[in-house]
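Asks: Structure in structure tokens, see below.
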Amino acid sequence: MPDDIRKPVWDKTKLPSRHSTSGPERAPHRAMFYAMGVTEEQLAQPIVGVATTWNEAAPCNISLSRQAQSAKRGVAMGGGTPREFTTITVTDGIAMGHEGMKSSLVSRDVIADSVELTMRGHSYDALVGFAGCDKSLPGLMMSMLRLNVPSVFMYGGTILPGRFQNRDVTIVDVFEAVGGHSAGTTSDEELHALECVACPSAGSCAGQYTANTMACVSEAIGLALPGSAGTPAAFESRDQYAEASGVAVMNMLRLNLRPRDICTRKAFENAATIVAATGGSTNAGLHLPAMAHEAGIDFDLHEVGRIFQRTPYIGDFKPGGKYLMKDLHDIGGVPIVMKALLDGGYIHGDCMTVTGKTIAENLKDVVVPTNQDVVYPTTKPIAPTGGVVVLKGNLAPGGAIVKVAGMQHKSLTFRGPARCFDNEDLAFAAVEKRDYKPGDVIVIRYEGPRGGPGMREMLATTAAIYGQGISEQVALITDGRFSGGTRGFCIGHVGPEAAVGGPIGLINDGDIIVIDAVKGTMNVELSDEELAKRRAAWKPRQTNYQSGMLWKYAQLVGQAEKGALTHPGGAAETHCYADI
């Protein structure tokens with residue numbers, strides 16, 4: 001490494017840490033640093049926050065503390081002083097299927113808020129952030145865009161696949177086996193054997209579910225080092241990426257390169273493109289608008305949908321396809337998908353990244369291997385349009401989203417009578433008893449951001465339907481969310497949500513719902529006059545959450561269409577933290 005990177009002389013007069021380390025009035029502050037073994041020489045350097053969502057809640061986060069130590073070495077190598085801190089996560093695999101899932105989406109914003117407060121409170125100059133489970137990835141990237149200090153994001157890595165009956169399995173297979181168990185096709189012994197082998201290592205869920213989708217986004221949007229997202233958590237090579245991330249953030253400080261310089265509108269278009277191209281999680285339709293909001297960019301669900309519409313589906317990943325993130329790593333990682341998209345003219349190669357180089361410069365020497373069928377060329381895609389579709393109509397004037405990756409073209413339309421449930425628990429109980437009919441459109445409402453509160457995922461319910469072998473004969477719509485692991489004709493984020501009087505709260509059992517994922521429409525066969533009559537008779541409902549964090553969230557949160565936002569965002573700023 002060049003000497004000018006290893007031991008630069010830093011001018012701290014414009015860095016936030018001058019407020020806690022410089023001048024005689026900061027003697028008490030320096031005394032507290034000395035108590036932790038920090039030297040005067042280290043205090044003269046930039047102070048870099050190294051944030052992780054490490055905890056013992058789930059395998060997604062368990063390896064992050066180790067990786068943070070490597071990042072701290074990289075920061076020190078680059079002439080900075082690292083200070084490690086942690087924040088929360090709520091892990092969806094354990095929160096799923098009960099009221100704990102109401103905490104999941106809320107945690108995204110708590111993570112962003114808590115990282116902001118830690119950085120502001122201690123006047124740190126830069127940030128390296130590590131995340132594992134689903135909401136922690138956008139949460140940390142939101143904080144980076146909000147603070148706008150030089151920042152590098154790093155994913156903690158995917159879990160390795162389990163092996164069961166001579167096939168690769170993931171946690172989603174276990175959820176689906178629960179449905180098979182209720183249908184009598186999976187025995188107690190088989191279910192237990194599967195649960196014992198499905199998760200063999202540290203790391204986040206193995207398919208192109210929400211964590212791996214947002215990991216792909218971190219590279220495509222330019223906030224992560226090329227190749228860092230695809231390497232499994234158990235591989236020690238992650239430590240090399242972590243160290244390099246620490247070095248990279250110091251280089252960004254030298255260049256005064258900030259997240260909002262990187263995450264432009266074109267970068268968000270790149271991010272939406274990789275989601276569609278890989279058949280990624282529908283949750284990206286919620287997180288990309290929220291991230292853009294932090295940078296003062298209006299990039300709502302409908303903007304995301306326009307990118308989805310023009311993007312070919314080229315990554316054959318579970319749940320709709322054959323492969324896992326480990327398989328992508330084996331052929332070269334996320335840069336392979338990006339190079340295929342760049343070669344096809346689907347992403348902007350001139351966007352800046354945390355390397356100090358553009359996307360095109362980073363991918364200059366990447367060659368898409370031809371002896372594989374994990375990632376297809378854009379000239380011969382799996383499908384001509386993306387694996388995720390945004391819908392709109394009189395049932396979803398604020399939009400809705402569905403993953404169609406792996407579905408047959410003939411399955412992309414559906415017409416049937418509504419079967420309405422006013423929360424997920426009622427729907428799951430009916431599904432367990434097989435108390436629904438082929439041809440039904442199962443409606444789960446009052447589970448939106450405000451109505452839940454917290455916009456629960458419905459994987460337990462959708463996986464049970466799939467496990468019962470009837471997923472192609474029913475559709476499911478909700479103002480809540482779906483796991484990235486959901487498959488079948490399942491439409492989420494229906495807006496406006498029922499809790500604010502959206503049409504999904506006005507329909508009755510037997511009303512005919514028509515879904516067309518080819519045209520991008522979703523309607524109920526009711527006249528405007530009938531909907532207006534029902535709306536006039538509708539009354540708001542009170543949730544059971546009348547105090548605490550979920551109450552607070554319900555007071556602040558907006559609609560899914562804009563990203564379930566809880567504050568005015570970058571466009572309302574009168575100053576930026578990085579410039580204090």
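As shown in the structure tokens, the chain order sets the letters A, B, ...; within each chain, residues go from 1, and ligands are also counted from 1 in the order they appear.
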Can I get the residues of region 139-187 of chain A within 8 Å of region 192-208 of chain A, each with the closest pair of atoms and their distance in Å to one decimal, using only C-alpha atoms, sorted chain first then ascending number, as a tab-separated table?
Replies:
residue	atom	partner	partner_atom	distance
A:Gly156	CA	A:Gly203	CA	6.7
A:Gly157	CA	A:Gly203	CA	5.4
A:Thr158	CA	A:Gly203	CA	4.5
A:Ile159	CA	A:Gly203	CA	3.8
A:Leu160	CA	A:Ser201	CA	6.0
A:Pro161	CA	A:Ala206	CA	6.3
A:Gly162	CA	A:Ala198	CA	4.5
A:Arg163	CA	A:Val197	CA	6.5
A:Phe164	CA	A:Leu194	CA	6.4
A:Val169	CA	A:Ala198	CA	5.7
A:Thr170	CA	A:Ala198	CA	5.2
A:Ile171	CA	A:Ala198	CA	5.8
A:Asp173	CA	A:Ala198	CA	7.8
A:Val174	CA	A:Glu195	CA	6.1
Asks: Contacts of Pro16 (chain A) at 9 Å or less, counting only C-alpha atoms, minus same-chain residues fewer than 3 places along, as a PDB file with all heavy atoms, in the first residue's frame?
Replies:
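Saved file result36.pdb follows:
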ATOM      1  N   LYS A  12      -8.044  18.155  10.150  1.00  0.00           N
ATOM      2  CA  LYS A  12      -9.330  17.854  10.779  1.00  0.00           C
ATOM      3  C   LYS A  12     -10.229  19.073  10.918  1.00  0.00           C
ATOM      4  O   LYS A  12     -11.317  18.980  11.502  1.00  0.00           O
ATOM      5  CB  LYS A  12      -9.105  17.219  12.155  1.00  0.00           C
ATOM      6  CG  LYS A  12      -8.425  15.851  12.084  1.00  0.00           C
ATOM      7  CD  LYS A  12      -8.462  15.107  13.402  1.00  0.00           C
ATOM      8  CE  LYS A  12      -9.826  14.586  13.720  1.00  0.00           C
ATOM      9  NZ  LYS A  12      -9.842  13.710  14.910  1.00  0.00           N
ATOM     10  N   THR A  13      -9.833  20.206  10.359  1.00  0.00           N
ATOM     11  CA  THR A  13     -10.608  21.422  10.581  1.00  0.00           C
ATOM     12  C   THR A  13     -12.003  21.370   9.952  1.00  0.00           C
ATOM     13  O   THR A  13     -12.873  22.157  10.320  1.00  0.00           O
ATOM     14  CB  THR A  13      -9.856  22.655  10.040  1.00  0.00           C
ATOM     15  OG1 THR A  13      -9.617  22.488   8.630  1.00  0.00           O
ATOM     16  CG2 THR A  13      -8.536  22.843  10.774  1.00  0.00           C
ATOM     17  N   HIS A  19     -15.031  18.274  16.686  1.00  0.00           N
ATOM     18  CA  HIS A  19     -15.884  18.708  17.788  1.00  0.00           C
ATOM     19  C   HIS A  19     -15.659  17.887  19.059  1.00  0.00           C
ATOM     20  O   HIS A  19     -16.056  18.321  20.149  1.00  0.00           O
ATOM     21  CB  HIS A  19     -17.355  18.624  17.382  1.00  0.00           C
ATOM     22  CG  HIS A  19     -17.737  19.558  16.285  1.00  0.00           C
ATOM     23  ND1 HIS A  19     -17.666  20.929  16.390  1.00  0.00           N
ATOM     24  CD2 HIS A  19     -18.181  19.312  15.013  1.00  0.00           C
ATOM     25  CE1 HIS A  19     -18.060  21.493  15.271  1.00  0.00           C
ATOM     26  NE2 HIS A  19     -18.376  20.532  14.410  1.00  0.00           N
ATOM     27  N   SER A  20     -15.061  16.712  18.928  1.00  0.00           N
ATOM     28  CA  SER A  20     -14.826  15.882  20.117  1.00  0.00           C
ATOM     29  C   SER A  20     -13.352  15.656  20.424  1.00  0.00           C
ATOM     30  O   SER A  20     -13.031  15.063  21.459  1.00  0.00           O
ATOM     31  CB  SER A  20     -15.520  14.514  19.942  1.00  0.00           C
ATOM     32  OG  SER A  20     -14.970  13.831  18.841  1.00  0.00           O
ATOM     33  N   PRO A  46      -8.745  10.811  11.447  1.00  0.00           N
ATOM     34  CA  PRO A  46     -10.197  10.710  11.369  1.00  0.00           C
ATOM     35  C   PRO A  46     -10.716   9.569  12.246  1.00  0.00           C
ATOM     36  O   PRO A  46     -10.075   8.523  12.377  1.00  0.00           O
ATOM     37  CB  PRO A  46     -10.446  10.402   9.884  1.00  0.00           C
ATOM     38  CG  PRO A  46      -9.237  10.914   9.180  1.00  0.00           C
ATOM     39  CD  PRO A  46      -8.090  10.694  10.131  1.00  0.00           C
ATOM     40  N   ILE A  47     -11.868   9.790  12.847  1.00  0.00           N
ATOM     41  CA  ILE A  47     -12.510   8.778  13.688  1.00  0.00           C
ATOM     42  C   ILE A  47     -13.599   8.101  12.841  1.00  0.00           C
ATOM     43  O   ILE A  47     -14.503   8.763  12.322  1.00  0.00           O
ATOM     44  CB  ILE A  47     -13.143   9.388  14.948  1.00  0.00           C
ATOM     45  CG1 ILE A  47     -12.152  10.308  15.667  1.00  0.00           C
ATOM     46  CG2 ILE A  47     -13.632   8.284  15.873  1.00  0.00           C
ATOM     47  CD1 ILE A  47     -10.916   9.627  16.206  1.00  0.00           C
ATOM     48  N   ARG A 120     -23.740  10.908  15.115  1.00  0.00           N
ATOM     49  CA  ARG A 120     -23.887  12.316  15.498  1.00  0.00           C
ATOM     50  C   ARG A 120     -23.364  12.560  16.908  1.00  0.00           C
ATOM     51  O   ARG A 120     -22.660  13.537  17.162  1.00  0.00           O
ATOM     52  CB  ARG A 120     -25.364  12.720  15.442  1.00  0.00           C
ATOM     53  CG  ARG A 120     -25.921  12.983  14.065  1.00  0.00           C
ATOM     54  CD  ARG A 120     -27.346  13.535  14.170  1.00  0.00           C
ATOM     55  NE  ARG A 120     -27.950  13.741  12.865  1.00  0.00           N
ATOM     56  CZ  ARG A 120     -27.797  14.830  12.113  1.00  0.00           C
ATOM     57  NH1 ARG A 120     -27.007  15.808  12.537  1.00  0.00           N
ATOM     58  NH2 ARG A 120     -28.412  14.946  10.954  1.00  0.00           N
ATOM     59  N   HIS A 122     -21.153  11.142  18.658  1.00  0.00           N
ATOM     60  CA  HIS A 122     -19.715  11.035  18.871  1.00  0.00           C
ATOM     61  C   HIS A 122     -18.895  11.702  17.779  1.00  0.00           C
ATOM     62  O   HIS A 122     -17.668  11.632  17.792  1.00  0.00           O
ATOM     63  CB  HIS A 122     -19.332   9.554  18.996  1.00  0.00           C
ATOM     64  CG  HIS A 122     -20.087   8.866  20.096  1.00  0.00           C
ATOM     65  ND1 HIS A 122     -21.217   8.128  19.856  1.00  0.00           N
ATOM     66  CD2 HIS A 122     -19.895   8.844  21.431  1.00  0.00           C
ATOM     67  CE1 HIS A 122     -21.685   7.664  21.012  1.00  0.00           C
ATOM     68  NE2 HIS A 122     -20.906   8.086  21.983  1.00  0.00           N
ATOM     69  N   SER A 123     -19.594  12.354  16.837  1.00  0.00           N
ATOM     70  CA  SER A 123     -18.948  13.132  15.774  1.00  0.00           C
ATOM     71  C   SER A 123     -17.938  12.307  14.983  1.00  0.00           C
ATOM     72  O   SER A 123     -16.798  12.734  14.775  1.00  0.00           O
ATOM     73  CB  SER A 123     -18.263  14.378  16.369  1.00  0.00           C
ATOM     74  OG  SER A 123     -19.193  15.225  16.994  1.00  0.00           O
ATOM     75  N   TYR A 124     -18.364  11.140  14.534  1.00  0.00           N
ATOM     76  CA  TYR A 124     -17.486  10.307  13.714  1.00  0.00           C
ATOM     77  C   TYR A 124     -17.444  10.832  12.278  1.00  0.00           C
ATOM     78  O   TYR A 124     -18.404  11.426  11.779  1.00  0.00           O
ATOM     79  CB  TYR A 124     -17.951   8.854  13.725  1.00  0.00           C
ATOM     80  CG  TYR A 124     -17.808   8.160  15.065  1.00  0.00           C
ATOM     81  CD1 TYR A 124     -18.543   7.007  15.340  1.00  0.00           C
ATOM     82  CD2 TYR A 124     -16.939   8.627  16.044  1.00  0.00           C
ATOM     83  CE1 TYR A 124     -18.419   6.340  16.558  1.00  0.00           C
ATOM     84  CE2 TYR A 124     -16.815   7.971  17.265  1.00  0.00           C
ATOM     85  CZ  TYR A 124     -17.557   6.829  17.520  1.00  0.00           C
ATOM     86  OH  TYR A 124     -17.434   6.180  18.718  1.00  0.00           O
ATOM     87  N   ASP A 125     -16.315  10.593  11.615  1.00  0.00           N
ATOM     88  CA  ASP A 125     -16.048  11.193  10.308  1.00  0.00           C
ATOM     89  C   ASP A 125     -16.439  10.309   9.122  1.00  0.00           C
ATOM     90  O   ASP A 125     -16.575  10.808   7.998  1.00  0.00           O
ATOM     91  CB  ASP A 125     -14.555  11.507  10.181  1.00  0.00           C
ATOM     92  CG  ASP A 125     -14.071  12.463  11.251  1.00  0.00           C
ATOM     93  OD1 ASP A 125     -14.774  13.464  11.496  1.00  0.00           O
ATOM     94  OD2 ASP A 125     -13.002  12.217  11.851  1.00  0.00           O
ATOM     95  N   TYR A 577     -25.304  16.366   8.083  1.00  0.00           N
ATOM     96  CA  TYR A 577     -24.398  16.014   9.178  1.00  0.00           C
ATOM     97  C   TYR A 577     -22.939  16.079   8.759  1.00  0.00           C
ATOM     98  O   TYR A 577     -22.084  16.587   9.501  1.00  0.00           O
ATOM     99  CB  TYR A 577     -24.702  14.606   9.707  1.00  0.00           C
ATOM    100  CG  TYR A 577     -23.581  14.068  10.560  1.00  0.00           C
ATOM    101  CD1 TYR A 577     -23.399  14.520  11.867  1.00  0.00           C
ATOM    102  CD2 TYR A 577     -22.655  13.158  10.046  1.00  0.00           C
ATOM    103  CE1 TYR A 577     -22.336  14.072  12.641  1.00  0.00           C
ATOM    104  CE2 TYR A 577     -21.595  12.700  10.817  1.00  0.00           C
ATOM    105  CZ  TYR A 577     -21.438  13.164  12.110  1.00  0.00           C
ATOM    106  OH  TYR A 577     -20.382  12.732  12.865  1.00  0.00           O
ATOM    107  N   ALA A 578     -22.607  15.586   7.581  1.00  0.00           N
ATOM    108  CA  ALA A 578     -21.206  15.519   7.146  1.00  0.00           C
ATOM    109  C   ALA A 578     -20.551  16.891   7.085  1.00  0.00           C
ATOM    110  O   ALA A 578     -19.319  16.992   7.114  1.00  0.00           O
ATOM    111  CB  ALA A 578     -21.107  14.842   5.783  1.00  0.00           C
ATOM    112  N   ASP A 579     -21.366  17.948   7.017  1.00  0.00           N
ATOM    113  CA  ASP A 579     -20.820  19.301   6.879  1.00  0.00           C
ATOM    114  C   ASP A 579     -20.805  20.092   8.174  1.00  0.00           C
ATOM    115  O   ASP A 579     -20.529  21.302   8.159  1.00  0.00           O
ATOM    116  CB  ASP A 579     -21.635  20.067   5.830  1.00  0.00           C
ATOM    117  CG  ASP A 579     -21.535  19.432   4.453  1.00  0.00           C
ATOM    118  OD1 ASP A 579     -20.454  18.928   4.120  1.00  0.00           O
ATOM    119  OD2 ASP A 579     -22.552  19.433   3.733  1.00  0.00           O
ATOM    120  N   ILE A 580     -21.090  19.450   9.312  1.00  0.00           N
ATOM    121  CA  ILE A 580     -21.111  20.215  10.571  1.00  0.00           C
ATOM    122  C   ILE A 580     -19.706  20.676  10.935  1.00  0.00           C
ATOM    123  O   ILE A 580     -18.721  20.046  10.597  1.00  0.00           O
ATOM    124  CB  ILE A 580     -21.719  19.407  11.734  1.00  0.00           C
ATOM    125  CG1 ILE A 580     -20.861  18.162  12.038  1.00  0.00           C
ATOM    126  CG2 ILE A 580     -23.157  19.033  11.442  1.00  0.00           C
ATOM    127  CD1 ILE A 580     -21.289  17.451  13.318  1.00  0.00           C
TER     128      ILE A 580
END
Asks: Can you pull out the residues contacting Val304 (chain A)? Cut-off 12 Å, using only C-alpha atoms, and skip same-chain residues under 5 positions away; I want them as a PyMOL selection string.
Replies: chain A and resi 265-266+268-276+282-290+292+298-299+309-311+386+388-391+399-401+561-563
Asks: In terms of the shortest atom-to-atom distance over only C-alpha atoms, which of A:Ala244, A:His348, A:Thr118, A:Ile331 is closest to Ile221 (chain A)?
Replies: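 That would be A:His348, the residue with the smallest distance to Ile221 (chain A).
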Asks: Would you mind listing what lies within 12 Å of region 33-38 of chain A as JSON, numbers by chain, with only C-alpha atoms counted and same-chain residues fewer than 6 positions away left out?
Replies: {"A": [20, 21, 26, 27, 44, 45, 47, 80, 81, 82, 83, 122]}
Asks: Asp528 (chain A): which residues within 12 Å, counting only C-alpha atoms, same-chain residues fewer than 2 positions away excluded, as a PyMOL selection string?
Replies: chain A and resi 393-395+503+506+523-526+530-535
Asks: I need the residues in region 79-165 of chain A that are strand (DSSP E) according to DSSP; give them as a VMD selection string.
Replies: chain A and resid 81 to 86 126 to 131 151 to 155 162 to 164
Asks: With C-alpha atoms retained, export the selected residues as a short mmCIF file (atom, residue, chain, number, x, y, z; two decimals), in the first residue's frame.
Replies:
data_model
loop_
_atom_site.label_atom_id
_atom_site.label_comp_id
_atom_site.auth_asym_id
_atom_site.auth_seq_id
_atom_site.Cartn_x
_atom_site.Cartn_y
_atom_site.Cartn_z
CA THR A 81 -8.98 5.42 14.10
CA PRO A 82 -11.83 2.87 14.14
CA ARG A 83 -14.50 2.81 16.84
CA GLU A 84 -16.77 -0.22 16.79
CA PHE A 85 -20.43 -0.12 17.79
CA THR A 86 -23.48 -2.33 17.31
CA ALA A 126 -16.80 8.09 8.24
CA LEU A 127 -18.65 4.79 8.47
CA VAL A 128 -18.10 1.16 7.60
CA GLY A 129 -21.32 -0.80 8.09
CA PHE A 130 -21.94 -4.57 8.27
CA ALA A 131 -25.38 -6.14 8.05
CA SER A 151 -19.17 5.19 3.88
CA VAL A 152 -18.65 1.61 2.74
CA PHE A 153 -21.31 -1.05 3.19
CA MET A 154 -20.51 -4.73 3.54
CA TYR A 155 -22.89 -7.68 3.65
CA GLY A 162 -28.14 -27.55 3.58
CA ARG A 163 -28.44 -31.03 2.03
CA PHE A 164 -31.56 -33.14 2.37
#
